[in-house]
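Shown here: entry.cif, mmCIF, C-alpha atoms, pLDDT in the B column; chains and numbers go by the auth columns.
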```
data_protein
#
loop_
_atom_site.group_PDB
_atom_site.id
_atom_site.type_symbol
_atom_site.label_atom_id
_atom_site.label_comp_id
_atom_site.label_asym_id
_atom_site.label_seq_id
_atom_site.Cartn_x
_atom_site.Cartn_y
_atom_site.Cartn_z
_atom_site.B_iso_or_equiv
_atom_site.auth_seq_id
_atom_site.auth_asym_id
ATOM 1 C CA GLY A 1 46.061 12.441 22.404 87.00 1 G
ATOM 2 C CA GLU A 2 47.316 15.932 21.702 92.00 2 G
ATOM 3 C CA ASN A 3 45.642 18.118 19.075 95.00 3 G
ATOM 4 C CA VAL A 4 47.243 21.271 17.674 97.00 4 G
ATOM 5 C CA GLU A 5 45.263 23.860 15.737 98.00 5 G
ATOM 6 C CA GLN A 6 47.135 26.443 13.662 98.00 6 G
ATOM 7 C CA HIS A 7 45.917 29.551 11.867 97.00 7 G
ATOM 8 C CA PRO A 8 45.877 31.182 9.483 98.00 8 G
ATOM 9 C CA SER A 9 46.542 28.593 6.800 97.00 9 G
ATOM 10 C CA THR A 10 47.837 31.322 4.482 98.00 10 G
ATOM 11 C CA LEU A 11 49.278 34.702 5.428 98.00 11 G
ATOM 12 C CA SER A 12 50.365 37.363 2.961 98.00 12 G
ATOM 13 C CA VAL A 13 52.250 40.413 4.267 98.00 13 G
ATOM 14 C CA GLN A 14 54.201 43.256 2.732 98.00 14 G
ATOM 15 C CA GLU A 15 57.960 43.080 2.988 98.00 15 G
ATOM 16 C CA GLY A 16 59.042 44.890 6.136 98.00 16 G
ATOM 17 C CA ASP A 17 55.754 44.298 7.964 98.00 17 G
ATOM 18 C CA SER A 18 55.229 41.858 10.842 98.00 18 G
ATOM 19 C CA ALA A 19 53.655 38.407 10.658 98.00 19 G
ATOM 20 C CA VAL A 20 51.907 36.536 13.465 98.00 20 G
ATOM 21 C CA ILE A 21 50.944 32.861 13.421 98.00 21 G
ATOM 22 C CA LYS A 22 48.847 31.365 16.229 98.00 22 G
ATOM 23 C CA CYS A 23 48.496 27.850 17.589 98.00 23 G
ATOM 24 C CA THR A 24 46.410 26.219 20.288 98.00 24 G
ATOM 25 C CA TYR A 25 46.986 22.846 21.916 97.00 25 G
ATOM 26 C CA SER A 26 44.710 20.559 23.889 96.00 26 G
ATOM 27 C CA ASP A 27 46.914 18.499 26.230 94.00 27 G
ATOM 28 C CA SER A 28 47.979 20.396 29.359 93.00 28 G
ATOM 29 C CA ALA A 29 50.846 17.889 29.783 92.00 29 G
ATOM 30 C CA SER A 30 52.596 19.293 26.695 93.00 30 G
ATOM 31 C CA ASN A 31 55.572 21.356 27.825 93.00 31 G
ATOM 32 C CA TYR A 32 57.742 21.915 24.750 94.00 32 G
ATOM 33 C CA PHE A 33 56.688 23.957 21.725 97.00 33 G
ATOM 34 C CA PRO A 34 58.991 24.218 18.686 97.00 34 G
ATOM 35 C CA TRP A 35 58.418 26.096 15.449 98.00 35 G
ATOM 36 C CA TYR A 36 59.704 24.775 12.139 98.00 36 G
ATOM 37 C CA LYS A 37 60.142 26.469 8.783 98.00 37 G
ATOM 38 C CA GLN A 38 59.837 24.311 5.677 97.00 38 G
ATOM 39 C CA GLU A 39 60.674 25.329 2.142 96.00 39 G
ATOM 40 C CA LEU A 40 59.204 23.373 -0.742 92.00 40 G
ATOM 41 C CA GLY A 41 60.587 19.829 -0.858 90.00 41 G
ATOM 42 C CA LYS A 42 63.016 20.457 1.996 94.00 42 G
ATOM 43 C CA ARG A 43 63.258 19.290 5.584 97.00 43 G
ATOM 44 C CA PRO A 44 61.494 21.095 8.455 97.00 44 G
ATOM 45 C CA GLN A 45 64.089 23.421 9.974 97.00 45 G
ATOM 46 C CA LEU A 46 63.849 24.450 13.640 97.00 46 G
ATOM 47 C CA ILE A 47 63.701 28.234 13.959 98.00 47 G
ATOM 48 C CA ILE A 48 62.778 28.727 17.609 97.00 48 G
ATOM 49 C CA ASP A 49 61.346 26.762 20.527 96.00 49 G
ATOM 50 C CA ILE A 50 59.934 27.480 23.954 96.00 50 G
ATOM 51 C CA ARG A 51 59.432 25.437 27.090 93.00 51 G
ATOM 52 C CA SER A 52 56.470 25.767 29.421 89.00 52 G
ATOM 53 C CA ASN A 53 58.452 27.427 32.212 87.00 53 G
ATOM 54 C CA VAL A 54 59.025 30.484 29.974 87.00 54 G
ATOM 55 C CA GLY A 55 56.441 32.959 28.659 92.00 55 G
ATOM 56 C CA GLU A 56 58.407 34.529 25.828 96.00 56 G
ATOM 57 C CA LYS A 57 61.589 33.935 23.866 95.00 57 G
ATOM 58 C CA LYS A 58 63.288 36.088 21.223 97.00 58 G
ATOM 59 C CA ASP A 59 65.930 35.450 18.618 95.00 59 G
ATOM 60 C CA GLN A 60 66.656 38.490 16.462 96.00 60 G
ATOM 61 C CA ARG A 61 63.534 39.073 14.298 97.00 61 G
ATOM 62 C CA ILE A 62 61.692 36.033 15.627 98.00 62 G
ATOM 63 C CA ALA A 63 59.814 35.718 18.911 98.00 63 G
ATOM 64 C CA VAL A 64 57.504 33.142 20.420 98.00 64 G
ATOM 65 C CA THR A 65 55.001 33.706 23.222 97.00 65 G
ATOM 66 C CA LEU A 66 53.277 31.047 25.315 97.00 66 G
ATOM 67 C CA ASN A 67 50.115 31.287 27.398 96.00 67 G
ATOM 68 C CA LYS A 68 49.860 28.035 29.372 94.00 68 G
ATOM 69 C CA THR A 69 46.530 28.911 30.942 94.00 69 G
ATOM 70 C CA ALA A 70 44.850 29.490 27.599 95.00 70 G
ATOM 71 C CA LYS A 71 46.925 26.736 25.928 96.00 71 G
ATOM 72 C CA HIS A 72 48.067 28.867 23.051 96.00 72 G
ATOM 73 C CA PHE A 73 51.366 30.009 21.616 98.00 73 G
ATOM 74 C CA SER A 74 52.292 32.358 18.809 98.00 74 G
ATOM 75 C CA LEU A 75 55.154 33.065 16.426 98.00 75 G
ATOM 76 C CA HIS A 76 56.017 36.676 15.663 98.00 76 G
ATOM 77 C CA ILE A 77 58.286 37.650 12.772 98.00 77 G
ATOM 78 C CA THR A 78 59.210 41.328 12.502 98.00 78 G
ATOM 79 C CA GLU A 79 60.686 43.210 9.535 98.00 79 G
ATOM 80 C CA THR A 80 59.795 40.394 7.169 98.00 80 G
ATOM 81 C CA GLN A 81 62.092 39.664 4.242 97.00 81 G
ATOM 82 C CA PRO A 82 61.550 37.709 0.996 96.00 82 G
ATOM 83 C CA GLU A 83 63.549 34.769 2.389 96.00 83 G
ATOM 84 C CA ASP A 84 60.961 34.407 5.164 98.00 84 G
ATOM 85 C CA SER A 85 58.512 33.036 2.562 98.00 85 G
ATOM 86 C CA ALA A 86 57.898 29.372 3.451 98.00 86 G
ATOM 87 C CA VAL A 87 55.478 27.090 5.314 97.00 87 G
ATOM 88 C CA TYR A 88 55.689 27.388 9.104 98.00 88 G
ATOM 89 C CA PHE A 89 54.624 24.607 11.460 98.00 89 G
ATOM 90 C CA CYS A 90 53.994 24.786 15.169 98.00 90 G
ATOM 91 C CA ALA A 91 54.227 21.656 17.284 98.00 91 G
ATOM 92 C CA ALA A 92 53.617 20.445 20.825 96.00 92 G
ATOM 93 C CA PHE A 93 55.459 17.761 22.776 94.00 93 G
ATOM 94 C CA ASN A 94 55.369 16.173 26.224 91.00 94 G
ATOM 95 C CA SER A 95 58.929 15.597 27.412 85.00 95 G
ATOM 96 C CA GLY A 96 57.772 14.458 30.824 77.00 96 G
ATOM 97 C CA GLY A 97 56.975 10.873 29.952 71.00 97 G
ATOM 98 C CA GLY A 98 54.661 11.260 27.001 72.00 98 G
ATOM 99 C CA ALA A 99 54.191 8.484 24.499 75.00 99 G
ATOM 100 C CA ASP A 100 54.059 10.535 21.290 84.00 100 G
ATOM 101 C CA GLY A 101 56.346 12.404 19.003 92.00 101 G
ATOM 102 C CA LEU A 102 55.784 15.997 17.968 95.00 102 G
ATOM 103 C CA THR A 103 52.151 16.825 17.230 96.00 103 G
ATOM 104 C CA PHE A 104 52.116 19.366 14.407 97.00 104 G
ATOM 105 C CA GLY A 105 49.652 21.985 13.306 97.00 105 G
ATOM 106 C CA LYS A 106 48.554 21.953 9.668 96.00 106 G
ATOM 107 C CA GLY A 107 50.994 24.699 8.707 97.00 107 G
ATOM 108 C CA THR A 108 50.853 28.342 7.617 98.00 108 G
ATOM 109 C CA HIS A 109 51.987 29.364 4.149 97.00 109 G
ATOM 110 C CA LEU A 110 53.671 32.732 4.665 98.00 110 G
ATOM 111 C CA ILE A 111 53.981 34.871 1.544 98.00 111 G
ATOM 112 C CA ILE A 112 56.111 38.008 1.643 97.00 112 G
ATOM 113 C CA GLN A 113 54.992 40.500 -0.976 95.00 113 G
ATOM 114 C CA PRO A 114 57.792 42.727 -2.349 91.00 114 G
ATOM 115 C CA ASP B 1 72.680 20.736 7.324 86.00 115 D
ATOM 116 C CA SER B 2 71.113 19.221 10.468 85.00 116 D
ATOM 117 C CA GLY B 3 73.587 16.338 10.795 94.00 117 D
ATOM 118 C CA VAL B 4 70.805 13.786 10.245 97.00 118 D
ATOM 119 C CA THR B 5 71.182 11.756 7.062 98.00 119 D
ATOM 120 C CA GLN B 6 68.575 9.739 5.184 98.00 120 D
ATOM 121 C CA THR B 7 68.802 7.414 2.217 97.00 121 D
ATOM 122 C CA PRO B 8 67.582 7.105 -0.424 97.00 122 D
ATOM 123 C CA LYS B 9 66.420 10.614 -1.407 97.00 123 D
ATOM 124 C CA HIS B 10 63.843 9.284 -3.843 97.00 124 D
ATOM 125 C CA LEU B 11 62.162 5.927 -4.217 97.00 125 D
ATOM 126 C CA ILE B 12 59.744 4.826 -6.909 98.00 126 D
ATOM 127 C CA THR B 13 58.090 1.463 -6.545 98.00 127 D
ATOM 128 C CA ALA B 14 54.912 -0.443 -7.351 98.00 128 D
ATOM 129 C CA THR B 15 51.896 -1.352 -5.245 98.00 129 D
ATOM 130 C CA GLY B 16 52.389 -4.474 -3.166 98.00 130 D
ATOM 131 C CA GLN B 17 56.130 -4.028 -2.903 98.00 131 D
ATOM 132 C CA ARG B 18 58.315 -3.558 0.187 98.00 132 D
ATOM 133 C CA VAL B 19 60.898 -0.833 0.752 98.00 133 D
ATOM 134 C CA THR B 20 63.375 0.111 3.472 98.00 134 D
ATOM 135 C CA LEU B 21 64.239 3.678 4.401 98.00 135 D
ATOM 136 C CA ARG B 22 67.402 4.416 6.330 98.00 136 D
ATOM 137 C CA CYS B 23 68.266 7.148 8.823 98.00 137 D
ATOM 138 C CA SER B 24 71.473 8.038 10.645 98.00 138 D
ATOM 139 C CA PRO B 25 70.998 10.389 13.616 97.00 139 D
ATOM 140 C CA ARG B 26 73.214 13.282 14.624 97.00 140 D
ATOM 141 C CA SER B 27 76.359 12.258 16.437 95.00 141 D
ATOM 142 C CA GLY B 28 75.520 11.651 20.084 91.00 142 D
ATOM 143 C CA ASP B 29 71.732 11.534 19.639 95.00 143 D
ATOM 144 C CA LEU B 30 70.138 8.397 21.055 94.00 144 D
ATOM 145 C CA SER B 31 66.546 9.080 20.025 94.00 145 D
ATOM 146 C CA VAL B 32 65.168 8.671 16.499 96.00 146 D
ATOM 147 C CA TYR B 33 61.680 9.635 15.392 97.00 147 D
ATOM 148 C CA TRP B 34 59.953 8.832 12.085 98.00 148 D
ATOM 149 C CA TYR B 35 57.344 11.126 10.513 98.00 149 D
ATOM 150 C CA GLN B 36 55.197 10.934 7.383 97.00 150 D
ATOM 151 C CA GLN B 37 54.263 14.067 5.464 97.00 151 D
ATOM 152 C CA SER B 38 51.436 13.971 2.949 93.00 152 D
ATOM 153 C CA LEU B 39 49.254 16.711 1.488 85.00 153 D
ATOM 154 C CA ASP B 40 46.066 15.473 3.131 83.00 154 D
ATOM 155 C CA GLN B 41 47.424 14.329 6.518 83.00 155 D
ATOM 156 C CA GLY B 42 50.185 16.877 7.098 89.00 156 D
ATOM 157 C CA LEU B 43 53.165 15.912 9.267 95.00 157 D
ATOM 158 C CA GLN B 44 52.331 12.847 11.347 96.00 158 D
ATOM 159 C CA PHE B 45 54.411 11.027 13.944 96.00 159 D
ATOM 160 C CA LEU B 46 54.906 7.335 13.235 97.00 160 D
ATOM 161 C CA ILE B 47 57.282 5.834 15.796 97.00 161 D
ATOM 162 C CA GLN B 48 60.193 6.613 18.146 95.00 162 D
ATOM 163 C CA TYR B 49 63.215 4.575 19.159 95.00 163 D
ATOM 164 C CA TYR B 50 65.597 5.335 21.976 93.00 164 D
ATOM 165 C CA ASN B 51 68.940 3.555 22.240 93.00 165 D
ATOM 166 C CA GLY B 52 67.639 0.543 20.357 94.00 166 D
ATOM 167 C CA GLU B 53 64.238 0.233 22.027 94.00 167 D
ATOM 168 C CA GLU B 54 60.819 1.299 20.833 94.00 168 D
ATOM 169 C CA ARG B 55 59.599 4.120 23.084 92.00 169 D
ATOM 170 C CA ALA B 56 56.524 5.651 21.461 92.00 170 D
ATOM 171 C CA LYS B 57 54.104 4.758 18.734 93.00 171 D
ATOM 172 C CA GLY B 58 51.894 7.082 16.725 93.00 172 D
ATOM 173 C CA ASN B 59 49.775 6.604 13.625 86.00 173 D
ATOM 174 C CA ILE B 60 51.853 3.797 12.213 94.00 174 D
ATOM 175 C CA LEU B 61 50.130 1.185 10.089 95.00 175 D
ATOM 176 C CA GLU B 62 50.617 -2.502 10.853 96.00 176 D
ATOM 177 C CA ARG B 63 52.227 -2.859 7.407 97.00 177 D
ATOM 178 C CA PHE B 64 54.997 -0.553 8.614 97.00 178 D
ATOM 179 C CA SER B 65 57.739 -1.432 11.084 97.00 179 D
ATOM 180 C CA ALA B 66 60.990 0.074 12.277 97.00 180 D
ATOM 181 C CA GLN B 67 64.081 -0.771 14.245 97.00 181 D
ATOM 182 C CA GLN B 68 67.154 0.919 15.640 97.00 182 D
ATOM 183 C CA PHE B 69 70.492 -0.822 15.462 97.00 183 D
ATOM 184 C CA PRO B 70 73.422 -0.857 17.939 96.00 184 D
ATOM 185 C CA ASP B 71 75.183 1.879 15.918 95.00 185 D
ATOM 186 C CA LEU B 72 71.961 3.936 16.426 96.00 186 D
ATOM 187 C CA HIS B 73 70.963 4.140 12.787 97.00 187 D
ATOM 188 C CA SER B 74 67.329 3.311 12.159 98.00 188 D
ATOM 189 C CA GLU B 75 65.368 1.711 9.366 98.00 189 D
ATOM 190 C CA LEU B 76 61.698 2.090 8.490 98.00 190 D
ATOM 191 C CA ASN B 77 60.224 -0.846 6.598 98.00 191 D
ATOM 192 C CA LEU B 78 57.092 -0.320 4.526 98.00 192 D
ATOM 193 C CA SER B 79 55.418 -3.399 3.082 98.00 193 D
ATOM 194 C CA SER B 80 52.397 -4.233 0.907 98.00 194 D
ATOM 195 C CA LEU B 81 52.631 -0.708 -0.386 98.00 195 D
ATOM 196 C CA GLU B 82 49.512 1.127 -1.504 97.00 196 D
ATOM 197 C CA LEU B 83 49.096 4.257 -3.610 97.00 197 D
ATOM 198 C CA GLY B 84 48.198 6.198 -0.470 95.00 198 D
ATOM 199 C CA ASP B 85 51.608 5.475 1.056 97.00 199 D
ATOM 200 C CA SER B 86 53.184 7.929 -1.378 97.00 200 D
ATOM 201 C CA ALA B 87 54.588 10.681 0.839 97.00 201 D
ATOM 202 C CA LEU B 88 57.697 12.298 2.230 97.00 202 D
ATOM 203 C CA TYR B 89 59.184 10.310 5.091 98.00 203 D
ATOM 204 C CA PHE B 90 61.355 12.181 7.551 98.00 204 D
ATOM 205 C CA CYS B 91 63.403 11.016 10.433 98.00 205 D
ATOM 206 C CA ALA B 92 64.465 13.309 13.240 98.00 206 D
ATOM 207 C CA SER B 93 66.886 12.823 16.104 97.00 207 D
ATOM 208 C CA SER B 94 67.343 14.256 19.564 94.00 208 D
ATOM 209 C CA PRO B 95 69.699 13.476 22.447 90.00 209 D
ATOM 210 C CA HIS B 96 66.783 12.190 24.550 83.00 210 D
ATOM 211 C CA ARG B 97 63.099 13.104 25.064 73.00 211 D
ATOM 212 C CA THR B 98 63.522 14.651 28.537 78.00 212 D
ATOM 213 C CA SER B 99 63.316 18.380 29.160 73.00 213 D
ATOM 214 C CA GLY B 100 66.285 20.229 27.751 77.00 214 D
ATOM 215 C CA GLN B 101 67.244 17.364 25.455 82.00 215 D
ATOM 216 C CA GLU B 102 64.101 16.988 23.387 89.00 216 D
ATOM 217 C CA THR B 103 64.882 19.278 20.461 93.00 217 D
ATOM 218 C CA GLN B 104 64.416 17.316 17.244 96.00 218 D
ATOM 219 C CA TYR B 105 66.475 17.937 14.113 97.00 219 D
ATOM 220 C CA PHE B 106 65.121 16.616 10.853 98.00 220 D
ATOM 221 C CA GLY B 107 66.864 14.796 8.057 98.00 221 D
ATOM 222 C CA PRO B 108 66.368 15.705 4.363 98.00 222 D
ATOM 223 C CA GLY B 109 63.638 13.099 3.916 98.00 223 D
ATOM 224 C CA THR B 110 62.896 10.265 1.505 98.00 224 D
ATOM 225 C CA ARG B 111 60.287 10.923 -1.162 97.00 225 D
ATOM 226 C CA LEU B 112 58.347 7.721 -1.827 98.00 226 D
ATOM 227 C CA LEU B 113 56.200 7.350 -4.899 97.00 227 D
ATOM 228 C CA VAL B 114 54.051 4.224 -5.219 98.00 228 D
ATOM 229 C CA LEU B 115 52.735 3.583 -8.719 97.00 229 D
#
```
Is it possible to give me this structure as structure tokens?
Amino acid sequence: GENVEQHPSTLSVQEGDSAVIKCTYSDSASNYFPWYKQELGKRPQLIIDIRSNVGEKKDQRIAVTLNKTAKHFSLHITETQPEDSAVYFCAAFNSGGGADGLTFGKGTHLIIQP
Amino acid sequence: DSGVTQTPKHLITATGQRVTLRCSPRSGDLSVYWYQQSLDQGLQFLIQYYNGEERAKGNILERFSAQQFPDLHSELNLSSLELGDSALYFCASSPHRTSGQETQYFGPGTRLLVL
């Protein structure tokens, strides 16, 4: 089955700086890669996603890049703000007939220092 | 608010007992997924239903079962509960699992505590 590795497990950045979280996946059949933000005790909230026919996607301060050949994808947050503090999860999914749900990374605890 | 609802929010029960968790998907979504989140295992996929039929199975124990009803709500049944079953249980829904319709939106979760 699919395996997703995520790093770092904890990331502390100064407010206003950029943050980058990286993930690798193992199954070349995976073609959909969402990112979720989760605050303590709350539901995972979708912040951005990318499909394998696209190399990069941006939404305001958030961007995701995908390298299919290397099987890795990254989340970039620019001009970080205190409300960006949370745990971020990457995930991989095969929408072309796979038999799994989302396979998640272990999460990155992002801390924004004032 | 994702549009996915789950009940109850919290559940406290004893070892050996059986509980039922309920999920209502977003309006129009036919696919429901169940996930378990624990500190040691992270977020793990349990099972998926699409329009009433089981479509995918993950790391779901034999003590656990699920179903999806004609009105598309789903229930996750956990029996012979053990201390290690204490976790957050999320359901998520999507229109389908095909490309362009696979985005999953999560409900608020049910926190299960087994004593």
key: stretch 119-134 of chain D surroundings by only C-alpha atoms, 9 Å radius, close-in-sequence under 2 positions cut, as an MDAnalysis selection string   = chainID D and resid 116:117 136:140 189:197 204:205 220:229
task = Could you please tell me, as a list in words, which residues of chain G have an atom within 9 Å of chain D when using only C-alpha atoms?
result = Asn31, Tyr32, Pro34, Gly41, Lys42, Arg43, Pro44, Gln45, Leu46, Asp49, Arg51, Phe93, Asn94, Ser95, Gly96, Gly97, Gly98, Ala99, Asp100, Gly101, Leu102, Thr103, Phe104, Gly105, Lys106 and Gly107 of chain G
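Coordinates place atom CA of G:Phe89 at a distance of 7.8 Å from atom CA of G:Gln38.
The space between atom CA of G:Glu2 and atom CA of G:His72 spans 13.0 Å.
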As AutoDock Vina command-line options: centre and edge lengths in Å, one decimal, of the axis-aligned box holding stretch 187-199 of chain D with 4 Å per side:
```
--center_x 59.6 --center_y 1.0 --center_z 4.6 --size_x 30.8 --size_y 18.4 --size_z 24.4
```
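Across the model, the gap from atom CA of G:Lys68 to atom CA of G:Cys23 is 11.9 Å.
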request  = Pick out the closest residue to G:Pro114 from this set: G:Gly16, G:Val64, G:Glu39, G:Ala91. Count all atoms listed in the file.
outcome  = G:Gly16
Which residues come within 8 Å of stretch 53-56 of chain G, counting all atoms listed in the file, excluding same-chain residues fewer than 2 positions away, as an mmCIF file with C-alpha atoms, in the coordinates of the input?
```
data_model
loop_
_atom_site.group_PDB
_atom_site.id
_atom_site.type_symbol
_atom_site.label_atom_id
_atom_site.label_comp_id
_atom_site.auth_asym_id
_atom_site.auth_seq_id
_atom_site.Cartn_x
_atom_site.Cartn_y
_atom_site.Cartn_z
ATOM 1 C CA ILE G 50 59.934 27.480 23.954
ATOM 2 C CA ARG G 51 59.432 25.437 27.090
ATOM 3 C CA LYS G 58 63.288 36.088 21.223
ATOM 4 C CA ALA G 63 59.814 35.718 18.911
ATOM 5 C CA VAL G 64 57.504 33.142 20.420
ATOM 6 C CA THR G 65 55.001 33.706 23.222
ATOM 7 C CA LEU G 66 53.277 31.047 25.315
ATOM 8 C CA ASN G 67 50.115 31.287 27.398
#
```
key: Output of the PyMOL selection byres ((chain G and resi 17) around 12), listed as a PyMOL selection string   = chain G and resi 11-16+18-20+61+76-82+84+111-114
query = Within 9 Å of (72.1, 10.6, 20.6), in the coordinates the file gives, what residues turn up when you count all atoms listed in the file, written out as a PyMOL selection string?
reply = chain D and resi 139-146+164-165+186+207-210
